[in-house]
Structure formats: structure tokens, C-alpha cells
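Okay, structure first, notes after.
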Amino acid sequence: MSLRARVLESLAPWRNAPAWHIALSGGLDSTVLLHVLASLTQREALPPLSAIHIHHGLQAAADAWPAHCAQLCAALKVPLRVEQVQVLPGASLERAARDARYAAFSAALAPGEVLLTGQHRDDQAETLLFRLLRGAGVQGLAAMPFSRPLGAGHLLRPLLQCSRAELQAYATAHQLSWVEDPSNADERFSRNYLRRQVLPALASRWPQAAANMARSAEHLTEAALLLDELAQQDVLQAQAPVDYAWLQLPSLALPALRELSEPRQRNALRYWLRSRTAMPDSEHWAGWRALRDAAIDAAPVWRLAAGELRRSDQTLCWLTGHWLAVAPPLDLAVQSGQAIALPGNGQVRIEGQLPVGDWRLAYRQGGEQMLVPGRGRRDLKRLLNERRLPTFVRDRLPLLLHNGQLMAVANLPGLDRPSDEQWQLLWQPPTHDQGLS
């Protein structure tokens, strides 16, 4: 089957997309993809085709590439859009450039539109080997999928089943010209070293090495999907009713996870945490065991890249954003009917009419007491213990005082107002969305 036929077949499910955009670097791979698709539009009813070139501004040679891409697109009658991005400094220049590039691609896609990239079979083998050397698990070794969501649309890789040699032969046969990125020759970059030194050595001994590694990546993709299906079932079983649903925190029931083998526990947690934080390495999972096995009256914490997993009684809660910061001190005069934004701590409102007096909002300082009907005065700490309120909530739980006396504790039925009053103290905690990765 010809290269064009294979590309067309791979894109068949996406022919009703509103638009196809080609990620055009000007290199061999994306130039071949541009030519193949532009040729197909001459005889097939395909979505509107355009190209996007990202200019990173990282090297002088790249300044000529937008003009080269414009010339290519003009010859093939394909509209071109050039986007200049700022690459933020960091430990990995490759990673920073990739992040900037894909952020621009994501912003460019309208709902349902498709971005087509030129990664091929040799890239897949390179990615598998690169991740294997870094000690990746099944998810990482699954390497690049053919399709994945991107922004409001999807990213597709229609050349993943094609070798670089095939692309080179196509480009030669059609007399295509392309640019060569000088940085691709710099073997200080790990990927370049693999591409220029390791993979050719493997191919000299095993000619089918790249094809076999790409096939292994497909098997690992299937295995990763099966692990995700198992994780979905396990996470669903751990979705227990939460005593304090108003906290709006992602949570899991620890007893359900404890029933699983340790590998299944890690698999379920990886799946649950994947959209929230970068995954920890193997050694860092000792933090999960410490959290899981801590004494019932302990308040263990497992700190991860983008947040913390806390345990409250038998419930696991994911904290991020404002939940990781200490709420500023609070001593604020209030009136009836007010909705008050609390710095770093959501907002509070008073429903109903407060009696005359000096009403103030505050946080727990220690030693507070409250009059409880039928029980007399009780220490607030003891009342919160009885309610099993998570310890990480207690110091940011709004309190309402009248003339210095504690009258209400937000959101706790029976404590959120005196029994003979019609008003009520309500608190909307900070949402976890502020820290999602």
C-alpha cells in the first residue's frame, strides 16, 4: 500500500472534522505529510487543510524557516499560520520548547478540529528506548499514541506506521526540499545521541529493530489500556460517601484500597492522580505506604509535585492550590446578609438576621468553648473531634463570635447557629481546581 493510501486510511475516522491543521516545522517529516495531504485534497473530499509553523526563536537558523514554510505552502496552495512563542528557561530546553509549542497548537484548535504531526515509526522506537533508559513504567513505555485530545480538538500522528526511510524515499521521488535543524546534530541531547549513535548500531545487528520496538510500544499501549480499565473499576469501588461533601475535595475510601494488592493500589492511585500531578518515581511510593499504614489517630501527609494526599480517619483527600497555604489570620466585623471573601479560604455568608451586638469572624486559636444545648459549655476541640472533622480543615473553619463569645461554627449542623436563632453561618471552602495540573 502506498504512503498516501496508508495516511488516508489512518485518517478515515476523522474525515468529518471541521478542519485539519498540519504542524509544519519545515523538516523532512512534516514536509512529506504536507505534500501527501495536499495531494490527497486534489482527489478526495477532505476537511479544509492548513498548516501551522511554530517559531521558537532559539537559534539564528530558525529565522529563515517561516519563509521556507511559506514557500512550501504557497506552492501547494495550503494556508499557513506562523506563531511565535516564548520558551521559558528551565532544566530541559527540549521540554520547555515542546511545552511552548503544544500550548500554541492547543490554542489554535477550535472544537473538533485536528492537528496532524509528522512523528514516524523510527520516532516511536526512539521514544520507547529513551523512556526505557529512564526507567518508565507501562504508561511511559506505551510511547506515542496515534491520537489523543489536544485543547478543544485532537492530535493525530498519521505517519506512525511509516519508517523514516520511506519518508526519505517519498521526498526524493517528489523532489521535495526541507530544512535541517542544526540542533539535531548536537549529541549532548539524549534523543540525538540515541538517533545518531544507538539506533544505527542496533539496526546494523538487527535490521528490524525499529519496527520491532514500535510493535512493542503498541503492545504496551494495549497493556496500559487494560491497566486503566482495572484502575477505573478499583477507583469506582473506592468512591465512598464523604462525611463533609461541602469540602469539594477529591477523595477515596482507604478501606477499599487496602483490600487490593499493593501493585493494584499503586495502579489505582496512578490513574486517579494522573490528571492532578506528575507521577512519583518508584522510591517515592514509600510515602504512600507511610500514609496508608499510619496509626488511626495520625494525620499523615504524602507530598507530591502538585499537591498533597492527606488522610482523615479512613478517607484520602487530595489537597492543592489554597489548601496548601496557611490561611491569613482572621478578625473581621460582619453584619447580617453579608457574603464575605476570605483571603485564600473561599467565602462565607450569614443567612438570616443577626441580633444587635459586636459580631466578628475568626479562626480557631485554641481554648475556645461553645454552649451546646443539653450539654453545657464544651471545648471546641472536643466538638470537632466528635464530628471527625479532618485536621487540615480545623484551622481554617470560620467561627462567628458575638461580644467575644463563640456562637457558631460554619457548616456543622447543630453548631452553625444557636438552637433558638433563625440565622445560619455558611462557608464555601476554596475549590481544588486552582491547583489542577
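Labeling convention for the C-alpha cells: chains A, B, ... as they appear, residues from 1 per chain, ligands from 1 in order of appearance.
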Inset, instruction - Please provide the set of residues having any atom within 8 Å of A:Pro47, restricted to only C-alpha atoms, with same-chain residues fewer than 3 positions apart removed, written as a ChimeraX atom specification. - result: /A:15-20
Could I get the residues of stretch 130-185 of chain A with an atom no further than 12 Å from an atom of stretch 223-228 of chain A, each paired with its nearest atom pair and that distance in Å to one decimal, using only C-alpha atoms, sorted by chain and residue number, as a Markdown table?
| residue | atom | partner | partner_atom | distance |
| --- | --- | --- | --- | --- |
| A:Gly137 | CA | A:Ala224 | CA | 9.4 |
| A:Val138 | CA | A:Ala224 | CA | 6.0 |
| A:Gln139 | CA | A:Ala224 | CA | 5.5 |
| A:Gly140 | CA | A:Ala224 | CA | 9.0 |
| A:Leu141 | CA | A:Ala224 | CA | 9.0 |
| A:Ala142 | CA | A:Ala224 | CA | 6.9 |
| A:Ala143 | CA | A:Ala224 | CA | 10.4 |
| A:Pro145 | CA | A:Ala224 | CA | 11.1 |
Store the residues of this selection in a file with C-alpha atoms, as a compact mmCIF listing (two decimals), in the first residue's frame.
# COMPACT_ATOMS: atom_id res chain seq x y z
CA GLY A 137 6.56 2.11 33.65
CA VAL A 138 3.95 0.66 31.32
CA GLN A 139 2.24 4.02 30.75
CA GLY A 140 5.53 5.65 29.74
CA LEU A 141 6.70 2.76 27.57
CA ALA A 142 3.41 2.82 25.66
CA ALA A 143 5.13 5.80 24.00
CA PRO A 145 -0.44 7.13 20.78
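Scanning stretch 115-211 of chain A with DSSP on the backbone, the strand (DSSP E or B) assignments fall on Leu115, Leu116, Ser147, Arg148, Pro149, Leu150, Gly153, His154, Leu155 and Leu156 of chain A.
With only C-alpha atoms as the atoms that count, the minimum distance from A:Val36 to the choices A:Ile54, A:Leu230, A:Ala171, A:Val179 is reached by A:Ala171.
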Legend entry - Computed interatomic separation between atom CA of A:Ala286 and atom CA of A:Leu247 (Å): 27.5 Å
Inset, instruction - Extract, using only C-alpha atoms, all DNA, RNA and protein residues at most 10 Å from A:Asp313, discarding same-chain residues fewer than 3 positions from it, and format them as JSON, numbers by chain. - result: {"A": [253, 254, 295, 296, 297, 298, 299, 310, 316, 388, 389, 390, 391]}
Could the residues in this selection be written to a file with N, CA and C atoms, as a PDB file, in the first residue's frame?
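Dumped everything to again.pdb:
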ATOM      1  N   ALA A 253     -12.000   6.208  49.555  1.00  0.00           N
ATOM      2  CA  ALA A 253     -12.116   5.459  50.807  1.00  0.00           C
ATOM      3  C   ALA A 253     -10.916   4.528  50.942  1.00  0.00           C
ATOM      4  N   LEU A 254     -10.169   4.693  52.012  1.00  0.00           N
ATOM      5  CA  LEU A 254      -8.964   3.894  52.223  1.00  0.00           C
ATOM      6  C   LEU A 254      -9.256   2.403  52.383  1.00  0.00           C
ATOM      7  N   ALA A 295      -0.984   5.222  62.061  1.00  0.00           N
ATOM      8  CA  ALA A 295      -1.969   4.958  63.112  1.00  0.00           C
ATOM      9  C   ALA A 295      -3.257   5.722  62.838  1.00  0.00           C
ATOM     10  N   ILE A 296      -4.367   5.220  63.348  1.00  0.00           N
ATOM     11  CA  ILE A 296      -5.683   5.782  63.055  1.00  0.00           C
ATOM     12  C   ILE A 296      -5.804   7.222  63.515  1.00  0.00           C
ATOM     13  N   ASP A 297      -5.079   7.586  64.602  1.00  0.00           N
ATOM     14  CA  ASP A 297      -5.189   8.945  65.125  1.00  0.00           C
ATOM     15  C   ASP A 297      -4.104   9.865  64.560  1.00  0.00           C
ATOM     16  N   ALA A 298      -3.332   9.387  63.603  1.00  0.00           N
ATOM     17  CA  ALA A 298      -2.284  10.212  62.998  1.00  0.00           C
ATOM     18  C   ALA A 298      -2.875  11.096  61.897  1.00  0.00           C
ATOM     19  N   ALA A 299      -2.088  12.067  61.457  1.00  0.00           N
ATOM     20  CA  ALA A 299      -2.513  12.938  60.357  1.00  0.00           C
ATOM     21  C   ALA A 299      -1.409  12.939  59.299  1.00  0.00           C
ATOM     22  N   ARG A 310      -3.744  13.693  51.802  1.00  0.00           N
ATOM     23  CA  ARG A 310      -3.903  13.641  53.261  1.00  0.00           C
ATOM     24  C   ARG A 310      -4.862  12.512  53.617  1.00  0.00           C
ATOM     25  N   LEU A 316      -9.067   9.350  52.099  1.00  0.00           N
ATOM     26  CA  LEU A 316      -7.943  10.044  51.476  1.00  0.00           C
ATOM     27  C   LEU A 316      -8.460  11.281  50.759  1.00  0.00           C
ATOM     28  N   ARG A 388     -15.338  14.258  63.825  1.00  0.00           N
ATOM     29  CA  ARG A 388     -14.306  13.699  62.957  1.00  0.00           C
ATOM     30  C   ARG A 388     -13.993  14.630  61.782  1.00  0.00           C
ATOM     31  N   LEU A 389     -13.971  15.898  62.079  1.00  0.00           N
ATOM     32  CA  LEU A 389     -13.622  16.868  61.053  1.00  0.00           C
ATOM     33  C   LEU A 389     -12.134  16.734  60.735  1.00  0.00           C
ATOM     34  N   PRO A 390     -11.770  16.637  59.456  1.00  0.00           N
ATOM     35  CA  PRO A 390     -10.345  16.490  59.107  1.00  0.00           C
ATOM     36  C   PRO A 390      -9.492  17.571  59.757  1.00  0.00           C
ATOM     37  N   THR A 391      -8.333  17.180  60.229  1.00  0.00           N
ATOM     38  CA  THR A 391      -7.475  18.126  60.940  1.00  0.00           C
ATOM     39  C   THR A 391      -7.032  19.284  60.048  1.00  0.00           C
TER      40      THR A 391
END
Legend entry - Distance query A:Val7 at most 12 Å, only C-alpha atoms, self and fewer than 4 positions along chain excluded, as a PyMOL selection string: chain A and resi 1-3+11-15+32-40+116-118+120+146+156-162+167
Inset, instruction - Might you pull out every residue within 10 Å of A:Gln59, with only C-alpha atoms counted and same-chain residues fewer than 5 positions away left off, and present them as a list in words? - result: Asp181, Pro182 and Ser183 of chain A
Inset, instruction - Would you please extract all alpha helix (DSSP H) residues from stretch 87-328 of chain A, as assigned by DSSP on the backbone, and give them as a PyMOL selection string? - result: chain A and resi 93-108+121-133+138-141+164-173+190-193+199-205+209-237+254-258+262-273+286-293
Inset, instruction - Do a neighbour search on A:Trp178 at 8 Å with only C-alpha atoms, toss out local chain neighbours closer than 6 positions, and write the hits as a ChimeraX atom specification. - result: /A:26-28,31
Inset, instruction - Quick one: everything within 9 Å of A:Asp123, counting only C-alpha atoms, minus sequence neighbours fewer than 5 positions away in the same chain. Send it as an NGL selection string. - result: :A and (128 or 144 or 160 or 163-164 or 195 or 210 or 214)
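Compared by their closest atoms to A:Gly57, and using only C-alpha atoms, the residues A:Pro373, A:Gln84, A:Ala70, A:Val114 rank with A:Gln84 nearest.
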Do you have, as CSV, the list of residues of stretch 311-366 of chain A lying at most 6 Å from stretch 424-430 of chain A, each with its nearest atom pair and that distance in Å to one decimal, counting only C-alpha atoms and ordered by chain then number?
residue,atom,partner,partner_atom,distance
A:Asn345,CA,A:Pro430,CA,5.3
A:Gly346,CA,A:Pro430,CA,4.2
A:Gln347,CA,A:Gln428,CA,5.3
A:Val348,CA,A:Trp427,CA,4.3
A:Arg349,CA,A:Leu426,CA,5.4
A:Ile350,CA,A:Leu425,CA,4.9
A:Glu351,CA,A:Gln424,CA,5.2
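Among the candidates A:Leu406, A:Val87, A:Leu176, A:Leu401, the one nearest to A:Ala100 when counting only C-alpha atoms is A:Val87.
Proximity to A:Trp318 was assessed for A:Leu304, A:Leu249, A:Arg266, A:Arg377 counting only C-alpha atoms; the smallest distance is recorded for A:Leu249.
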